[in-house]
Structures are given as C-alpha cells and as structure tokens.
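One structure is given below, encoded as structure tokens.
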Amino acid sequence: MKTEDCEPAEAGGSAPVTVIHPDAGASAIQVQGFEKIDTAGSIHDAEVVVCAGRGAMEDDNFEKIKALAAKIDASVAGSRPMADNGWIPFENQVGQSGTVIRPKVCFTFGISGAIQFTEGIKGDPMVIAVNKDPHAAIFSFADYAVVSDMGSVLDALLK
C-alpha cells in the first residue's frame, strides 16, 4: 500500500489529508481462520419441526411442546416473540428476522401465521397448525388446521 500526503482544499479546514492507495489486488480484510459449525440436530437440517408461538408462553404449554418434539424426534423452533422472551435461542427463530427452514413436516402451536413467520418455512412442507383463533392467518397456510386450545391437543398427542 502506498500513501501520499495532500494539501487541504482551499475552502476546507486546516488538517492535512492522507490518501491511501491499496496495492492492486490487495484487500483490507484479512482472514484469520475458519471455524466449522456443527449443525447436526439443528432446525436447519430437521425433517420435522415443532414451532411454538406466543400462546406457548402460557401455562406449561412450552414444556409439552418440547416433550412432543422429543417423542417424535423433531426439532423445536419458534416465532420471534419466543426468541425475544428467551424461550428459544435466536438460532431457532423461524421467519424473516430469524432463519429459513425446509422441513418435511412442520407443526405450529400458537403461531398466528403472520408473513414474517411463514416466510421462514420453505420447500412446501406439510403444515399442521393448532390455534384457538378460528380466523388465524396460519390456517390459510396450513395443510391441516386444528382450532383448539393447544394444551388439550398437546395432552392428547403426548398420550
């Protein structure tokens, strides 16, 4: 790299200006090394994902969701409110401000179905949605819709 001192512009201040000319092909970025990240067991390679929404923060619903995921060998993910409130790690947040997943099957519990979430599910998975609101937007996205309290549905699935 070479530098040259330049005089300040006539109408400008009084500090000297240094112009830096990088060598051809040189970069100011230096790679210090690479770290391999183990994604085994993450939501990125999961074939089945159980997603929790804001409704899972009530009662013991989230514990039931984790138990269901363990029972069916699925990964646990969630919406932004779940990550913002510390219920799931940010890496498991699905959606525009989270990550995109491509499971074969995606269960959603208490997910409203806002586009910020649904944009995070790609690859045309089978979506099974459980929400107590019969007008929840997730039902227009889902293959199967269950209008019910998630706690009772989870209890039945865990039996």
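Naming scheme: A, B, ... for chains in displayed order of the structure tokens; residues 1 onward per chain; ligands 1 onward as shown.
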
Can you list, as a PyMOL selection string, every protein, DNA or RNA residue that comes within 9 Å of range 94-97 of chain A when you count only C-alpha atoms, leaving out same-chain residues fewer than 4 positions away?
chain A and resi 51+77-80+90+101+115-121

Could those selected residues go to a file with C-alpha atoms, as a compact mmCIF listing (two decimals), in the first residue's frame?
# COMPACT_ATOMS: atom_id res chain seq x y z
CA CYS A 51 -42.84 -24.43 16.18
CA ALA A 77 -38.34 -23.77 16.85
CA GLY A 78 -40.49 -20.73 17.33
CA SER A 79 -41.62 -17.29 16.35
CA ARG A 80 -39.90 -14.02 17.17
CA PHE A 90 -32.23 -16.93 18.41
CA ILE A 101 -36.19 -23.91 7.40
CA ILE A 115 -45.98 -13.39 6.86
CA GLN A 116 -42.91 -12.59 8.97
CA PHE A 117 -43.13 -16.19 10.24
CA THR A 118 -44.43 -18.04 7.18
CA GLU A 119 -41.64 -16.62 5.00
CA GLY A 120 -39.31 -18.74 7.12
CA ILE A 121 -40.87 -22.03 6.04

So which residues touch Asn61 in chain A within 8 Å, counting only C-alpha atoms, skipping near sequence neighbours fewer than 3 positions away, as a list in words?
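Final neighbour list, sorted by chain and number: Gly55, Ala56, Met57, Glu58, Lys64, Ile65, Met150, Gly151 and Leu154 of chain A.
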
Considering only C-alpha atoms, state which residue in the set A:Asp59, A:Glu47, A:Asp84, A:Glu91 is at the smallest distance from Ser152 in chain A.
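Going through A:Asp59, A:Glu47, A:Asp84, A:Glu91 one by one, the smallest distance to Ser152 in chain A is for A:Asp59.
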
Leaving out Val105 in chain A and any residue of its chain fewer than 3 positions from it, which residues lie within 12 Å of it when counting only C-alpha atoms, given as number ranges by chain?
A: 43, 46-51, 69, 72-75, 101-102, 108, 121-129, 142-144

Once you have the residues from the selection above, write them out as a PDB file, in the first residue's frame, restricted to N, CA and C atoms.
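Just written: again34.pdb:
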ATOM      1  N   ILE A  43     -32.339 -26.892  13.630  1.00  0.00           N
ATOM      2  CA  ILE A  43     -33.573 -26.798  12.852  1.00  0.00           C
ATOM      3  C   ILE A  43     -33.284 -26.726  11.357  1.00  0.00           C
ATOM      4  N   ALA A  46     -33.469 -30.396  10.058  1.00  0.00           N
ATOM      5  CA  ALA A  46     -34.537 -31.217  10.627  1.00  0.00           C
ATOM      6  C   ALA A  46     -35.612 -31.529   9.596  1.00  0.00           C
ATOM      7  N   GLU A  47     -36.075 -32.771   9.603  1.00  0.00           N
ATOM      8  CA  GLU A  47     -37.173 -33.155   8.724  1.00  0.00           C
ATOM      9  C   GLU A  47     -38.527 -32.829   9.346  1.00  0.00           C
ATOM     10  N   VAL A  48     -38.567 -32.817  10.685  1.00  0.00           N
ATOM     11  CA  VAL A  48     -39.792 -32.492  11.398  1.00  0.00           C
ATOM     12  C   VAL A  48     -39.457 -31.400  12.411  1.00  0.00           C
ATOM     13  N   VAL A  49     -40.245 -30.324  12.394  1.00  0.00           N
ATOM     14  CA  VAL A  49     -40.030 -29.203  13.303  1.00  0.00           C
ATOM     15  C   VAL A  49     -41.349 -28.888  14.004  1.00  0.00           C
ATOM     16  N   VAL A  50     -41.251 -28.644  15.302  1.00  0.00           N
ATOM     17  CA  VAL A  50     -42.405 -28.211  16.089  1.00  0.00           C
ATOM     18  C   VAL A  50     -42.153 -26.758  16.461  1.00  0.00           C
ATOM     19  N   CYS A  51     -43.006 -25.869  15.962  1.00  0.00           N
ATOM     20  CA  CYS A  51     -42.835 -24.427  16.180  1.00  0.00           C
ATOM     21  C   CYS A  51     -43.820 -23.915  17.214  1.00  0.00           C
ATOM     22  N   ALA A  69     -41.883 -32.835  20.801  1.00  0.00           N
ATOM     23  CA  ALA A  69     -40.743 -32.859  19.875  1.00  0.00           C
ATOM     24  C   ALA A  69     -39.817 -34.026  20.190  1.00  0.00           C
ATOM     25  N   ILE A  72     -41.428 -37.382  19.004  1.00  0.00           N
ATOM     26  CA  ILE A  72     -41.486 -37.647  17.558  1.00  0.00           C
ATOM     27  C   ILE A  72     -40.158 -37.357  16.865  1.00  0.00           C
ATOM     28  N   ASP A  73     -39.112 -37.157  17.649  1.00  0.00           N
ATOM     29  CA  ASP A  73     -37.758 -36.889  17.135  1.00  0.00           C
ATOM     30  C   ASP A  73     -37.742 -35.661  16.217  1.00  0.00           C
ATOM     31  N   ALA A  74     -38.310 -34.581  16.727  1.00  0.00           N
ATOM     32  CA  ALA A  74     -38.393 -33.330  15.969  1.00  0.00           C
ATOM     33  C   ALA A  74     -37.539 -32.264  16.645  1.00  0.00           C
ATOM     34  N   SER A  75     -37.240 -31.223  15.904  1.00  0.00           N
ATOM     35  CA  SER A  75     -36.548 -30.062  16.456  1.00  0.00           C
ATOM     36  C   SER A  75     -37.580 -29.042  16.916  1.00  0.00           C
ATOM     37  N   ILE A 101     -36.311 -22.456   7.246  1.00  0.00           N
ATOM     38  CA  ILE A 101     -36.194 -23.905   7.404  1.00  0.00           C
ATOM     39  C   ILE A 101     -36.896 -24.600   6.245  1.00  0.00           C
ATOM     40  N   ARG A 102     -36.505 -25.849   6.011  1.00  0.00           N
ATOM     41  CA  ARG A 102     -37.094 -26.636   4.928  1.00  0.00           C
ATOM     42  C   ARG A 102     -37.434 -28.047   5.432  1.00  0.00           C
ATOM     43  N   THR A 108     -47.251 -26.319  14.049  1.00  0.00           N
ATOM     44  CA  THR A 108     -47.232 -24.993  14.673  1.00  0.00           C
ATOM     45  C   THR A 108     -48.264 -24.964  15.789  1.00  0.00           C
ATOM     46  N   ILE A 121     -40.619 -20.619   6.321  1.00  0.00           N
ATOM     47  CA  ILE A 121     -40.867 -22.033   6.035  1.00  0.00           C
ATOM     48  C   ILE A 121     -40.926 -22.214   4.530  1.00  0.00           C
ATOM     49  N   LYS A 122     -39.930 -22.867   3.992  1.00  0.00           N
ATOM     50  CA  LYS A 122     -39.852 -23.053   2.541  1.00  0.00           C
ATOM     51  C   LYS A 122     -39.844 -24.538   2.188  1.00  0.00           C
ATOM     52  N   GLY A 123     -39.953 -24.842   0.936  1.00  0.00           N
ATOM     53  CA  GLY A 123     -39.838 -26.217   0.473  1.00  0.00           C
ATOM     54  C   GLY A 123     -41.137 -26.993   0.516  1.00  0.00           C
ATOM     55  N   ASP A 124     -42.259 -26.302   0.654  1.00  0.00           N
ATOM     56  CA  ASP A 124     -43.578 -26.921   0.626  1.00  0.00           C
ATOM     57  C   ASP A 124     -43.734 -28.064   1.632  1.00  0.00           C
ATOM     58  N   PRO A 125     -43.490 -27.795   2.913  1.00  0.00           N
ATOM     59  CA  PRO A 125     -43.681 -28.849   3.906  1.00  0.00           C
ATOM     60  C   PRO A 125     -45.160 -29.071   4.185  1.00  0.00           C
ATOM     61  N   MET A 126     -45.465 -30.194   4.823  1.00  0.00           N
ATOM     62  CA  MET A 126     -46.813 -30.398   5.325  1.00  0.00           C
ATOM     63  C   MET A 126     -46.895 -29.573   6.603  1.00  0.00           C
ATOM     64  N   VAL A 127     -47.851 -28.657   6.696  1.00  0.00           N
ATOM     65  CA  VAL A 127     -48.002 -27.804   7.875  1.00  0.00           C
ATOM     66  C   VAL A 127     -49.279 -28.200   8.611  1.00  0.00           C
ATOM     67  N   ILE A 128     -49.092 -28.525   9.894  1.00  0.00           N
ATOM     68  CA  ILE A 128     -50.206 -28.876  10.760  1.00  0.00           C
ATOM     69  C   ILE A 128     -50.275 -27.788  11.818  1.00  0.00           C
ATOM     70  N   ALA A 129     -51.329 -26.980  11.786  1.00  0.00           N
ATOM     71  CA  ALA A 129     -51.423 -25.805  12.652  1.00  0.00           C
ATOM     72  C   ALA A 129     -52.489 -25.993  13.727  1.00  0.00           C
ATOM     73  N   ALA A 142     -51.738 -23.509   6.221  1.00  0.00           N
ATOM     74  CA  ALA A 142     -51.605 -24.893   6.692  1.00  0.00           C
ATOM     75  C   ALA A 142     -52.324 -25.893   5.812  1.00  0.00           C
ATOM     76  N   ASP A 143     -51.810 -27.124   5.842  1.00  0.00           N
ATOM     77  CA  ASP A 143     -52.473 -28.246   5.173  1.00  0.00           C
ATOM     78  C   ASP A 143     -53.577 -28.812   6.071  1.00  0.00           C
ATOM     79  N   TYR A 144     -53.326 -28.795   7.381  1.00  0.00           N
ATOM     80  CA  TYR A 144     -54.286 -29.286   8.354  1.00  0.00           C
ATOM     81  C   TYR A 144     -54.433 -28.225   9.440  1.00  0.00           C
TER      82      TYR A 144
END

Would you mind reading off the distance between CA of His135 in chain A and CA of Ala156 in chain A, one decimal, in Å?
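Spanning CA of His135 in chain A to CA of Ala156 in chain A is a straight-line distance of 23.1 Å.
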
Could you give me the residues within range 24-104 of chain A that DSSP places in strand (DSSP E or B), as a list in words?
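Here is the list: Val48, Val49, Val50, Cys51, Ala52, Ser75, Val76, Ala77, Gly78, Gln93, Val94, Thr99 and Ile101 of chain A.
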
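Comparing the minimum interatomic distances between Cys106 in chain A and each of A:Ile138, A:Gly33, A:Asp149, A:Lys132, counting only C-alpha atoms, we find that A:Ile138 sits nearest.
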
Gap from CA of Leu68 in chain A to CA of Arg54 in chain A - Å, one decimal
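Atom-to-atom, CA of Leu68 in chain A and CA of Arg54 in chain A are spaced 17.4 Å apart.
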
Restricting the calculation to only C-alpha atoms, which member of A:Glu63, A:Ser42, A:Val19, A:Lys104 is positioned closest to Pro89 in chain A?
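Of the candidates, the smallest distance to Pro89 in chain A is held by A:Ser42.
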
In Å, rounded to a single decimal, give me how far CA of Ser140 in chain A is from CA of Ala67 in chain A.
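It comes out at 27.0 Å.
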